[in-house]
$ cat final.cif   # mmCIF, C-alpha atoms
data_run
#
loop_
_atom_site.group_PDB
_atom_site.id
_atom_site.type_symbol
_atom_site.label_atom_id
_atom_site.label_comp_id
_atom_site.auth_asym_id
_atom_site.auth_seq_id
_atom_site.Cartn_x
_atom_site.Cartn_y
_atom_site.Cartn_z
ATOM 1 C CA MET N 53 -208.290 -1.676 120.147
ATOM 2 C CA ARG N 54 -208.420 -5.238 121.273
ATOM 3 C CA LEU N 55 -205.682 -6.696 123.454
ATOM 4 C CA THR N 56 -204.498 -9.037 120.705
ATOM 5 C CA GLU N 57 -204.382 -6.183 118.174
ATOM 6 C CA VAL N 58 -201.797 -4.452 120.373
ATOM 7 C CA TYR N 59 -200.030 -7.614 121.596
ATOM 8 C CA PRO N 60 -200.226 -10.373 118.960
ATOM 9 C CA VAL N 61 -201.059 -13.966 119.904
ATOM 10 C CA GLY N 62 -197.883 -15.936 120.574
ATOM 11 C CA GLN N 63 -195.696 -12.887 121.172
ATOM 12 C CA LYS N 64 -194.124 -12.692 124.652
ATOM 13 C CA VAL N 65 -194.291 -9.283 126.319
ATOM 14 C CA GLU N 66 -192.072 -8.457 129.314
ATOM 15 C CA ILE N 67 -194.159 -6.613 131.928
ATOM 16 C CA GLY N 68 -191.760 -5.835 134.769
ATOM 17 C CA THR N 69 -189.521 -7.075 137.570
ATOM 18 C CA VAL N 70 -189.988 -7.578 141.309
ATOM 19 C CA HIS N 71 -187.197 -8.003 143.866
ATOM 20 C CA PHE N 72 -187.869 -10.425 146.742
ATOM 21 C CA SER N 73 -186.058 -9.458 149.950
ATOM 22 C CA ALA N 74 -186.057 -11.743 152.999
ATOM 23 C CA GLU N 75 -188.103 -9.074 154.775
ATOM 24 C CA ASP N 76 -190.765 -9.009 152.023
ATOM 25 C CA ILE N 77 -190.923 -12.818 151.909
ATOM 26 C CA ILE N 78 -191.428 -13.105 155.672
ATOM 27 C CA ARG N 79 -193.949 -10.224 155.787
ATOM 28 C CA PHE N 80 -196.145 -11.762 153.061
ATOM 29 C CA ALA N 81 -195.886 -15.288 154.466
ATOM 30 C CA THR N 82 -196.668 -14.173 158.013
ATOM 31 C CA ARG N 83 -200.014 -12.877 156.736
ATOM 32 C CA PHE N 84 -200.964 -15.578 154.247
ATOM 33 C CA ASP N 85 -198.707 -18.650 154.302
ATOM 34 C CA PRO N 86 -196.776 -19.049 157.572
ATOM 35 C CA GLN N 87 -195.198 -22.415 156.723
ATOM 36 C CA VAL N 88 -191.731 -22.605 158.285
ATOM 37 C CA PHE N 89 -189.802 -22.515 154.996
ATOM 38 C CA HIS N 90 -191.415 -19.106 154.224
ATOM 39 C CA VAL N 91 -190.955 -17.454 157.648
ATOM 40 C CA ASP N 92 -187.923 -19.010 159.368
ATOM 41 C CA GLU N 93 -184.481 -19.002 157.711
ATOM 42 C CA GLU N 94 -183.055 -21.685 159.999
ATOM 43 C CA ALA N 95 -186.006 -24.073 159.615
ATOM 44 C CA ALA N 96 -186.031 -23.440 155.846
ATOM 45 C CA ARG N 97 -182.510 -24.899 155.620
ATOM 46 C CA GLN N 98 -183.886 -28.207 156.954
ATOM 47 C CA SER N 99 -186.726 -28.264 154.387
ATOM 48 C CA LEU N 100 -186.783 -29.631 150.828
ATOM 49 C CA PHE N 101 -186.196 -26.060 149.571
ATOM 50 C CA GLY N 102 -182.911 -25.662 151.444
ATOM 51 C CA ALA N 103 -183.296 -21.931 152.164
ATOM 52 C CA LEU N 104 -185.886 -19.249 152.919
ATOM 53 C CA CYS N 105 -188.170 -18.935 149.878
ATOM 54 C CA ALA N 106 -191.264 -16.952 148.946
ATOM 55 C CA SER N 107 -194.785 -18.344 149.235
ATOM 56 C CA GLY N 108 -195.934 -19.345 145.756
ATOM 57 C CA TRP N 109 -198.802 -16.896 146.237
ATOM 58 C CA HIS N 110 -196.284 -14.107 146.801
ATOM 59 C CA THR N 111 -194.613 -15.028 143.486
ATOM 60 C CA CYS N 112 -198.051 -14.788 141.817
ATOM 61 C CA ALA N 113 -198.869 -11.475 143.507
ATOM 62 C CA GLY N 114 -195.609 -10.147 142.046
ATOM 63 C CA TRP N 115 -196.887 -11.039 138.570
ATOM 64 C CA MET N 116 -200.117 -9.122 139.262
ATOM 65 C CA LYS N 117 -198.178 -6.094 140.488
ATOM 66 C CA SER N 118 -196.143 -6.088 137.269
ATOM 67 C CA TYR N 119 -199.269 -6.551 135.127
ATOM 68 C CA VAL N 120 -201.088 -3.561 136.657
ATOM 69 C CA THR N 121 -198.025 -1.292 136.476
ATOM 70 C CA PHE N 122 -197.355 -2.318 132.863
ATOM 71 C CA PHE N 123 -200.909 -1.701 131.669
ATOM 72 C CA GLU N 124 -201.110 1.693 133.372
ATOM 73 C CA ALA N 125 -198.016 2.752 131.428
ATOM 74 C CA GLU N 126 -199.316 1.177 128.212
ATOM 75 C CA ASP N 127 -202.622 2.987 128.658
ATOM 76 C CA ARG N 128 -200.773 6.315 128.701
ATOM 77 C CA ARG N 129 -198.495 5.337 125.800
ATOM 78 C CA LEU N 130 -201.330 4.214 123.517
ATOM 79 C CA ARG N 131 -203.441 7.323 124.263
ATOM 80 C CA SER N 132 -200.461 9.567 123.551
ATOM 81 C CA GLU N 133 -200.174 7.854 120.174
ATOM 82 C CA GLY N 134 -203.866 8.482 119.536
ATOM 83 C CA ARG N 135 -204.769 4.822 119.956
ATOM 84 C CA GLU N 136 -207.576 3.520 122.165
ATOM 85 C CA PRO N 137 -206.142 1.149 124.832
ATOM 86 C CA PRO N 138 -207.825 -2.248 125.330
ATOM 87 C CA LYS N 139 -210.441 -2.144 128.122
ATOM 88 C CA MET N 140 -209.313 -4.900 130.452
ATOM 89 C CA GLY N 141 -211.647 -6.352 133.076
ATOM 90 C CA PRO N 142 -211.456 -8.886 135.895
ATOM 91 C CA SER N 143 -210.242 -12.475 135.733
ATOM 92 C CA PRO N 144 -212.432 -15.498 136.482
ATOM 93 C CA GLY N 145 -209.347 -17.539 137.397
ATOM 94 C CA PHE N 146 -206.371 -19.471 136.083
ATOM 95 C CA LYS N 147 -205.201 -23.018 135.342
ATOM 96 C CA LYS N 148 -202.035 -25.109 134.982
ATOM 97 C CA LEU N 149 -200.046 -23.101 137.524
ATOM 98 C CA SER N 150 -196.556 -24.522 138.163
ATOM 99 C CA TRP N 151 -194.108 -23.225 140.743
ATOM 100 C CA LEU N 152 -191.067 -24.482 138.823
ATOM 101 C CA ARG N 153 -188.321 -23.363 141.193
ATOM 102 C CA PRO N 154 -188.277 -21.704 144.605
ATOM 103 C CA VAL N 155 -187.955 -17.897 144.703
ATOM 104 C CA PHE N 156 -185.219 -17.336 147.275
ATOM 105 C CA ALA N 157 -184.466 -14.201 149.304
ATOM 106 C CA GLY N 158 -182.459 -11.837 147.071
ATOM 107 C CA ASP N 159 -183.940 -13.099 143.786
ATOM 108 C CA THR N 160 -185.288 -10.666 141.181
ATOM 109 C CA ILE N 161 -188.104 -12.027 139.046
ATOM 110 C CA THR N 162 -188.885 -10.768 135.543
ATOM 111 C CA TYR N 163 -192.506 -11.356 134.541
ATOM 112 C CA SER N 164 -194.130 -11.674 131.124
ATOM 113 C CA VAL N 165 -197.436 -12.277 129.376
ATOM 114 C CA THR N 166 -198.009 -14.086 126.084
ATOM 115 C CA PRO N 167 -201.523 -13.891 124.593
ATOM 116 C CA LEU N 168 -202.652 -17.419 123.662
ATOM 117 C CA GLY N 169 -206.031 -16.637 122.098
ATOM 118 C CA HIS N 170 -209.427 -15.040 122.636
ATOM 119 C CA ARG N 171 -213.104 -15.681 122.033
ATOM 120 C CA ASP N 172 -216.277 -13.627 122.194
ATOM 121 C CA LEU N 173 -218.582 -14.660 125.037
ATOM 122 C CA SER N 174 -221.942 -15.562 123.507
ATOM 123 C CA SER N 175 -223.587 -15.360 126.955
ATOM 124 C CA ARG N 176 -222.395 -11.757 127.463
ATOM 125 C CA PRO N 177 -222.406 -9.627 124.308
ATOM 126 C CA GLY N 178 -219.461 -7.216 124.206
ATOM 127 C CA TRP N 179 -217.280 -9.372 126.428
ATOM 128 C CA ILE N 180 -214.132 -11.051 125.157
ATOM 129 C CA MET N 181 -212.351 -13.802 127.081
ATOM 130 C CA ASN N 182 -208.584 -13.754 126.610
ATOM 131 C CA GLN N 183 -206.324 -16.684 127.456
ATOM 132 C CA VAL N 184 -202.879 -15.470 128.486
ATOM 133 C CA LEU N 185 -199.695 -17.361 129.389
ATOM 134 C CA CYS N 186 -198.089 -15.757 132.447
ATOM 135 C CA GLU N 187 -194.468 -16.481 133.317
ATOM 136 C CA GLY N 188 -191.694 -15.420 135.657
ATOM 137 C CA GLU N 189 -187.962 -16.115 135.570
ATOM 138 C CA ASN N 190 -185.167 -15.326 138.000
ATOM 139 C CA GLN N 191 -181.983 -13.299 137.444
ATOM 140 C CA ARG N 192 -180.255 -16.421 136.053
ATOM 141 C CA GLY N 193 -182.957 -16.813 133.401
ATOM 142 C CA GLU N 194 -184.422 -19.882 135.118
ATOM 143 C CA PRO N 195 -188.228 -20.181 134.991
ATOM 144 C CA VAL N 196 -189.837 -20.003 138.450
ATOM 145 C CA VAL N 197 -193.567 -19.778 137.712
ATOM 146 C CA ARG N 198 -195.989 -20.223 134.828
ATOM 147 C CA PHE N 199 -199.772 -20.311 134.587
ATOM 148 C CA GLU N 200 -202.559 -19.699 132.099
ATOM 149 C CA SER N 201 -204.883 -16.906 133.081
ATOM 150 C CA ALA N 202 -208.300 -15.985 131.719
ATOM 151 C CA ILE N 203 -208.841 -12.218 131.469
ATOM 152 C CA VAL N 204 -212.075 -10.483 130.512
ATOM 153 C CA GLU N 205 -211.934 -7.611 128.020
ATOM 154 C CA PHE N 206 -214.758 -5.253 127.076
ATOM 155 C CA ALA N 207 -215.140 -4.724 123.330
ATOM 156 C CA MET Y 223 -188.385 -32.097 165.120
ATOM 157 C CA ALA Y 224 -191.775 -31.989 166.842
ATOM 158 C CA GLU Y 225 -194.242 -34.732 166.014
ATOM 159 C CA LYS Y 226 -196.612 -33.691 163.234
ATOM 160 C CA LEU Y 227 -200.315 -34.381 163.648
ATOM 161 C CA TYR Y 228 -200.921 -35.040 159.940
ATOM 162 C CA CYS Y 229 -198.581 -37.036 157.713
ATOM 163 C CA TYR Y 230 -199.095 -38.477 154.228
ATOM 164 C CA GLU Y 231 -200.799 -41.580 155.665
ATOM 165 C CA ASP Y 232 -203.520 -39.439 157.297
ATOM 166 C CA PHE Y 233 -204.725 -37.891 154.019
ATOM 167 C CA THR Y 234 -207.120 -40.591 152.903
ATOM 168 C CA VAL Y 235 -209.308 -39.916 149.872
ATOM 169 C CA GLY Y 236 -212.604 -38.356 150.935
ATOM 170 C CA ARG Y 237 -211.291 -36.886 154.208
ATOM 171 C CA SER Y 238 -212.138 -33.204 154.523
ATOM 172 C CA PHE Y 239 -210.964 -30.318 156.706
ATOM 173 C CA PRO Y 240 -212.974 -27.182 157.594
ATOM 174 C CA LEU Y 241 -211.717 -23.759 156.447
ATOM 175 C CA GLY Y 242 -212.334 -20.472 158.272
ATOM 176 C CA PRO Y 243 -214.380 -18.582 159.170
ATOM 177 C CA ARG Y 244 -212.427 -15.481 158.195
ATOM 178 C CA ASP Y 245 -213.797 -11.933 158.126
ATOM 179 C CA VAL Y 246 -212.730 -9.694 155.245
ATOM 180 C CA THR Y 247 -212.178 -6.029 156.104
ATOM 181 C CA ALA Y 248 -212.080 -3.021 153.793
ATOM 182 C CA GLU Y 249 -208.753 -2.097 155.351
ATOM 183 C CA GLU Y 250 -207.017 -5.333 154.387
ATOM 184 C CA ILE Y 251 -208.517 -5.327 150.872
ATOM 185 C CA ILE Y 252 -207.067 -1.864 150.261
ATOM 186 C CA ASP Y 253 -203.788 -2.732 151.974
ATOM 187 C CA PHE Y 254 -203.211 -5.779 149.733
ATOM 188 C CA ALA Y 255 -204.313 -3.948 146.588
ATOM 189 C CA ARG Y 256 -202.002 -0.981 147.201
ATOM 190 C CA GLU Y 257 -199.016 -3.327 147.219
ATOM 191 C CA PHE Y 258 -199.949 -5.883 144.567
ATOM 192 C CA ASP Y 259 -203.083 -5.013 142.567
ATOM 193 C CA PRO Y 260 -203.840 -1.264 142.612
ATOM 194 C CA GLN Y 261 -206.901 -1.310 140.352
ATOM 195 C CA PRO Y 262 -209.712 1.113 141.316
ATOM 196 C CA MET Y 263 -212.296 -1.563 142.297
ATOM 197 C CA HIS Y 264 -209.834 -2.928 144.897
ATOM 198 C CA LEU Y 265 -209.006 0.525 146.305
ATOM 199 C CA SER Y 266 -212.307 2.332 146.914
ATOM 200 C CA GLU Y 267 -215.953 1.596 147.602
ATOM 201 C CA GLU Y 268 -217.079 4.132 144.976
ATOM 202 C CA ALA Y 269 -214.950 2.635 142.199
ATOM 203 C CA GLY Y 270 -215.991 -0.864 143.269
ATOM 204 C CA LYS Y 271 -219.690 0.049 143.064
ATOM 205 C CA ALA Y 272 -219.134 1.508 139.606
ATOM 206 C CA SER Y 273 -217.447 -1.723 138.424
ATOM 207 C CA ILE Y 274 -219.073 -5.030 137.496
ATOM 208 C CA LEU Y 275 -217.904 -6.397 140.870
ATOM 209 C CA GLY Y 276 -220.502 -4.264 142.692
ATOM 210 C CA GLY Y 277 -218.461 -2.961 145.638
ATOM 211 C CA LEU Y 278 -215.010 -2.711 147.197
ATOM 212 C CA SER Y 279 -213.726 -6.157 146.272
ATOM 213 C CA ALA Y 280 -210.622 -8.151 147.092
ATOM 214 C CA SER Y 281 -207.994 -8.861 144.444
ATOM 215 C CA GLY Y 282 -208.307 -12.484 143.335
ATOM 216 C CA TRP Y 283 -204.742 -12.997 144.535
ATOM 217 C CA HIS Y 284 -205.758 -11.623 147.939
ATOM 218 C CA THR Y 285 -208.652 -14.092 148.022
ATOM 219 C CA SER Y 286 -206.159 -16.834 147.145
ATOM 220 C CA GLY Y 287 -203.901 -15.684 149.978
ATOM 221 C CA MET Y 288 -206.813 -15.741 152.409
ATOM 222 C CA MET Y 289 -207.670 -19.263 151.264
ATOM 223 C CA MET Y 290 -204.043 -20.262 151.814
ATOM 224 C CA ARG Y 291 -204.104 -18.840 155.341
ATOM 225 C CA MET Y 292 -207.294 -20.771 156.100
ATOM 226 C CA LEU Y 293 -205.530 -23.930 154.858
ATOM 227 C CA THR Y 294 -202.439 -23.336 157.000
ATOM 228 C CA ASP Y 295 -204.575 -22.624 160.076
ATOM 229 C CA SER Y 296 -206.856 -25.615 159.465
ATOM 230 C CA PHE Y 297 -204.213 -28.324 159.096
ATOM 231 C CA LEU Y 298 -201.139 -27.452 157.020
ATOM 232 C CA LEU Y 299 -199.051 -26.022 159.884
ATOM 233 C CA GLN Y 300 -199.680 -29.238 161.803
ATOM 234 C CA SER Y 301 -198.748 -31.385 158.811
ATOM 235 C CA SER Y 302 -195.560 -32.722 157.235
ATOM 236 C CA SER Y 303 -196.124 -30.431 154.193
ATOM 237 C CA GLN Y 304 -193.046 -29.895 152.012
ATOM 238 C CA GLY Y 305 -194.697 -27.381 149.708
ATOM 239 C CA SER Y 306 -196.653 -27.635 146.481
ATOM 240 C CA PRO Y 307 -195.617 -27.965 142.827
ATOM 241 C CA GLY Y 308 -198.591 -25.898 141.635
ATOM 242 C CA ILE Y 309 -202.329 -25.432 141.171
ATOM 243 C CA ASP Y 310 -204.366 -27.427 138.630
ATOM 244 C CA PHE Y 311 -206.984 -24.700 138.438
ATOM 245 C CA LEU Y 312 -208.484 -21.937 140.545
ATOM 246 C CA GLU Y 313 -211.762 -20.138 139.840
ATOM 247 C CA TRP Y 314 -212.724 -16.802 141.380
ATOM 248 C CA ARG Y 315 -216.459 -17.389 141.049
ATOM 249 C CA ASN Y 316 -217.995 -14.399 142.835
ATOM 250 C CA PRO Y 317 -216.512 -11.136 144.112
ATOM 251 C CA VAL Y 318 -215.228 -11.093 147.707
ATOM 252 C CA LEU Y 319 -216.535 -7.841 149.178
ATOM 253 C CA ALA Y 320 -215.592 -5.878 152.296
ATOM 254 C CA GLY Y 321 -217.605 -7.267 155.216
ATOM 255 C CA ASP Y 322 -217.848 -10.794 153.794
ATOM 256 C CA ARG Y 323 -217.245 -13.801 156.017
ATOM 257 C CA LEU Y 324 -215.433 -16.634 154.245
ATOM 258 C CA SER Y 325 -215.487 -20.302 155.166
ATOM 259 C CA GLY Y 326 -215.416 -23.647 153.417
ATOM 260 C CA LYS Y 327 -213.715 -26.982 153.259
ATOM 261 C CA THR Y 328 -210.942 -28.843 151.538
ATOM 262 C CA THR Y 329 -211.246 -32.492 150.576
ATOM 263 C CA VAL Y 330 -208.606 -35.091 149.701
ATOM 264 C CA ILE Y 331 -209.282 -36.301 146.144
ATOM 265 C CA GLU Y 332 -206.094 -38.313 145.442
ATOM 266 C CA ALA Y 333 -203.015 -39.564 147.309
ATOM 267 C CA ARG Y 334 -199.987 -41.395 145.888
ATOM 268 C CA PRO Y 335 -196.339 -41.938 146.837
ATOM 269 C CA LEU Y 336 -193.764 -39.969 144.813
ATOM 270 C CA LYS Y 337 -191.373 -42.324 143.019
ATOM 271 C CA SER Y 338 -188.827 -39.526 142.565
ATOM 272 C CA ARG Y 339 -188.736 -38.616 146.267
ATOM 273 C CA PRO Y 340 -188.744 -41.590 148.676
ATOM 274 C CA GLY Y 341 -190.602 -40.859 151.900
ATOM 275 C CA ILE Y 342 -192.844 -38.233 150.303
ATOM 276 C CA GLY Y 343 -196.313 -38.543 148.831
ATOM 277 C CA LEU Y 344 -198.391 -36.232 146.689
ATOM 278 C CA VAL Y 345 -201.834 -35.402 148.101
ATOM 279 C CA ARG Y 346 -204.326 -33.699 145.806
ATOM 280 C CA PHE Y 347 -207.013 -31.500 147.394
ATOM 281 C CA ARG Y 348 -210.208 -29.799 146.229
ATOM 282 C CA HIS Y 349 -210.676 -26.452 147.967
ATOM 283 C CA GLU Y 350 -214.084 -24.791 148.190
ATOM 284 C CA VAL Y 351 -214.461 -21.339 149.772
ATOM 285 C CA VAL Y 352 -217.902 -19.731 150.130
ATOM 286 C CA ASN Y 353 -219.205 -16.433 151.507
ATOM 287 C CA GLN Y 354 -221.763 -15.892 154.287
ATOM 288 C CA LYS Y 355 -224.598 -16.440 151.791
ATOM 289 C CA GLY Y 356 -223.182 -19.816 150.800
ATOM 290 C CA GLU Y 357 -222.168 -18.524 147.371
ATOM 291 C CA PRO Y 358 -218.912 -20.012 146.029
ATOM 292 C CA VAL Y 359 -216.143 -17.408 145.801
ATOM 293 C CA CYS Y 360 -213.043 -19.521 145.234
ATOM 294 C CA THR Y 361 -212.817 -23.129 144.047
ATOM 295 C CA GLY Y 362 -209.697 -24.982 143.000
ATOM 296 C CA GLU Y 363 -207.607 -28.109 143.066
ATOM 297 C CA ASN Y 364 -203.928 -28.592 143.859
ATOM 298 C CA ALA Y 365 -201.407 -31.114 145.108
ATOM 299 C CA ILE Y 366 -199.208 -30.772 148.189
ATOM 300 C CA MET Y 367 -196.111 -32.874 148.994
ATOM 301 C CA MET Y 368 -196.466 -34.604 152.366
ATOM 302 C CA GLY Y 369 -193.790 -36.446 154.288
ATOM 303 C CA MET Y 370 -194.632 -40.023 155.277
ATOM 304 C CA ARG Y 371 -194.834 -40.967 158.948
ATOM 305 C CA GLN Y 372 -192.829 -44.124 158.280
ATOM 306 C CA ALA Y 373 -189.959 -42.081 156.799
ATOM 307 C CA ARG Y 374 -189.965 -39.733 159.789
ATOM 308 C CA GLU Y 375 -189.798 -42.646 162.238
ATOM 309 C CA ASN Y 376 -186.914 -44.236 160.325
ATOM 310 C CA ALA Y 377 -184.993 -40.954 160.437
ATOM 311 C CA ALA Y 378 -185.591 -40.467 164.152
#

$ encode --input "final.cif" --output "structure tokens"
Amino acid sequence: MRLTEVYPVGQKVEIGTVHFSAEDIIRFATRFDPQVFHVDEEAARQSLFGALCASGWHTCAGWMKSYVTFFEAEDRRLRSEGREPPKMGPSPGFKKLSWLRPVFAGDTITYSVTPLGHRDLSSRPGWIMNQVLCEGENQRGEPVVRFESAIVEFA
Amino acid sequence: MAEKLYCYEDFTVGRSFPLGPRDVTAEEIIDFAREFDPQPMHLSEEAGKASILGGLSASGWHTSGMMMRMLTDSFLLQSSSQGSPGIDFLEWRNPVLAGDRLSGKTTVIEARPLKSRPGIGLVRFRHEVVNQKGEPVCTGENAIMMGMRQARENAA
């Protein structure tokens, strides 16, 4: 089955949640984004953000973690129902990414995907390019991140 | 607060900053993938070779993180950065494989004061990361909020 046969275009699908502890935020940022507002609680209070908050890349990595976990479970579910799961491939990138609000220590983010459309790739027979809206919101229902991802699928 | 080397006024259109070099190890590819992107081609050489990526390859989000670290080490930590509202686009153009050496540059493509936040300007950059063969692996554009030197001096 194709992705959009299982998850219709325009229909939002919740894919999972990730909790962001201060320890996780600092550990990620120390490796990839050691700006003071991501690694130092005191300095973060003096910044525009007002408190320790996750690197935007950490927020995105949380989406990816949810996506992989969700599709592993969906793979099992669809097979158990006798349906062939969509064969998802790599992504060539994304666009229109907005970090709408900071993700603060203690926040829990719920992620989702909404298929926007798909097209067959004429240059690569058997490949489908999906456009997917990816979003995350915090425990108060406030949006924190959104972007549009391209994801390859094998027909 | 310590004097910052780079404030909004220093990011003139056309100015560029070098990125890297940064060596990519199998260990860190697997380490990142285990936590955030546990797909087979990011976890083992065998599965990577069997995939269209051609070898143990970094998650695109790992590549993005490595690009970010090259940006912080190049100039961001010495700047008046106040974070970024987002990314216009980012393309993962070739796989990043274990053993690759990444480098590149980032170039200022636009700079304007923010009306909504006095003392802060928005600087838009084009980032280009290549591997040791000069092949592009990660290209993108995004804006970063930078404090103005004038505002810092007034506050001092």

$ resolve_selection --input "final.cif" --expression "the PyMOL selection byres ((chain N) within 6 of (chain Y))" --output "compact mmCIF listing (two decimals) with C-alpha atoms, in the coordinates of the input"
# COMPACT_ATOMS: atom_id res chain seq x y z
CA PHE N 84 -200.96 -15.58 154.25
CA ASP N 85 -198.71 -18.65 154.30
CA ALA N 113 -198.87 -11.48 143.51
CA LYS N 117 -198.18 -6.09 140.49
CA PRO N 144 -212.43 -15.50 136.48
CA GLY N 145 -209.35 -17.54 137.40
CA PHE N 146 -206.37 -19.47 136.08
CA LYS N 147 -205.20 -23.02 135.34
CA LYS N 148 -202.04 -25.11 134.98
CA LEU N 149 -200.05 -23.10 137.52
CA SER N 150 -196.56 -24.52 138.16
CA TRP N 151 -194.11 -23.22 140.74

$ resolve_selection --input "final.cif" --expression "the PyMOL selection byres ((chain Y and resi 238) around 12)" --output "list in words"
Asp232, Phe233, Thr234, Val235, Gly236, Arg237, Phe239, Pro240, Leu241, Leu293, Ser296, Phe297, Gly326, Lys327, Thr328, Thr329, Val330, Ile331, Arg346, Phe347, Arg348, His349 and Glu350 of chain Y

$ resolve_selection --input "final.cif" --expression "the PyMOL selection byres ((chain N and resi 73) around 9)" --output "list in words"
His71, Phe72, Ala74, Glu75, Asp76, Ile77, Ile78, Phe156, Ala157, Gly158, Asp159 and Thr160 of chain N

$ write_last_selection --input "final.cif" --atoms "C-alpha atoms" --output "JSON list (two decimals), keeping the file's coordinate frame"
[["chain", "number", "residue", "atom", "x", "y", "z"],
["N", 71, "HIS", "CA", -187.20, -8.00, 143.87],
["N", 72, "PHE", "CA", -187.87, -10.42, 146.74],
["N", 74, "ALA", "CA", -186.06, -11.74, 153.00],
["N", 75, "GLU", "CA", -188.10, -9.07, 154.78],
["N", 76, "ASP", "CA", -190.76, -9.01, 152.02],
["N", 77, "ILE", "CA", -190.92, -12.82, 151.91],
["N", 78, "ILE", "CA", -191.43, -13.10, 155.67],
["N", 156, "PHE", "CA", -185.22, -17.34, 147.28],
["N", 157, "ALA", "CA", -184.47, -14.20, 149.30],
["N", 158, "GLY", "CA", -182.46, -11.84, 147.07],
["N", 159, "ASP", "CA", -183.94, -13.10, 143.79],
["N", 160, "THR", "CA", -185.29, -10.67, 141.18]]

$ residues_near_point --input "final.cif" --point "(-196.6, -39.7, 154.6)" --cutoff "12 Å" --atoms "all atoms listed in the file" --output "JSON, numbers by chain"
{"Y": [226, 227, 228, 229, 230, 231, 232, 233, 234, 301, 302, 303, 304, 333, 334, 335, 336, 339, 340, 341, 342, 343, 344, 345, 366, 367, 368, 369, 370, 371, 372, 373, 374, 375]}

$ residues_around --input "final.cif" --residues "stretch 169-180 of chain N" --least-positions-apart "4" --cutoff "9 Å" --atoms "all atoms listed in the file" --output "list in words"
Thr56, Val61, Gly62, Val184, Ile203, Val204, Glu205, Phe206 and Ala207 of chain N

$ write_last_selection --input "final.cif" --atoms "C-alpha atoms" --output "compact mmCIF listing (two decimals), in the frame of the given file"
# COMPACT_ATOMS: atom_id res chain seq x y z
CA THR N 56 -204.50 -9.04 120.70
CA VAL N 61 -201.06 -13.97 119.90
CA GLY N 62 -197.88 -15.94 120.57
CA VAL N 184 -202.88 -15.47 128.49
CA ILE N 203 -208.84 -12.22 131.47
CA VAL N 204 -212.08 -10.48 130.51
CA GLU N 205 -211.93 -7.61 128.02
CA PHE N 206 -214.76 -5.25 127.08
CA ALA N 207 -215.14 -4.72 123.33

$ atom_distance --input "final.cif" --atom1 "atom CA of Y:Thr247" --atom2 "atom CA of N:Pro142"
20.4 Å

$ atom_distance --input "final.cif" --atom1 "atom CA of Y:Ser325" --atom2 "atom CA of Y:Val352"
5.6 Å

$ atom_distance --input "final.cif" --atom1 "atom CA of N:Ala202" --atom2 "atom CA of Y:Ala272"
22.0 Å

$ closest_residue --input "final.cif" --among "N:Glu133, N:Thr69, N:Gly108, N:Gly193" --to "N:Thr162" --atoms "all atoms listed in the file"
N:Thr69

$ residues_near_point --input "final.cif" --point "(-192.3, -12.4, 137.2)" --cutoff "7 Å" --atoms "all atoms listed in the file" --output "list in words"
Thr69, Val70, Gly114, Trp115, Ile161, Thr162, Tyr163, Ser164, Glu187, Gly188 and Glu189 of chain N

$ closest_residue --input "final.cif" --among "N:Val165, N:Glu93, N:Gly141, N:Val155" --to "N:Arg192" --atoms "all atoms listed in the file"
N:Val155
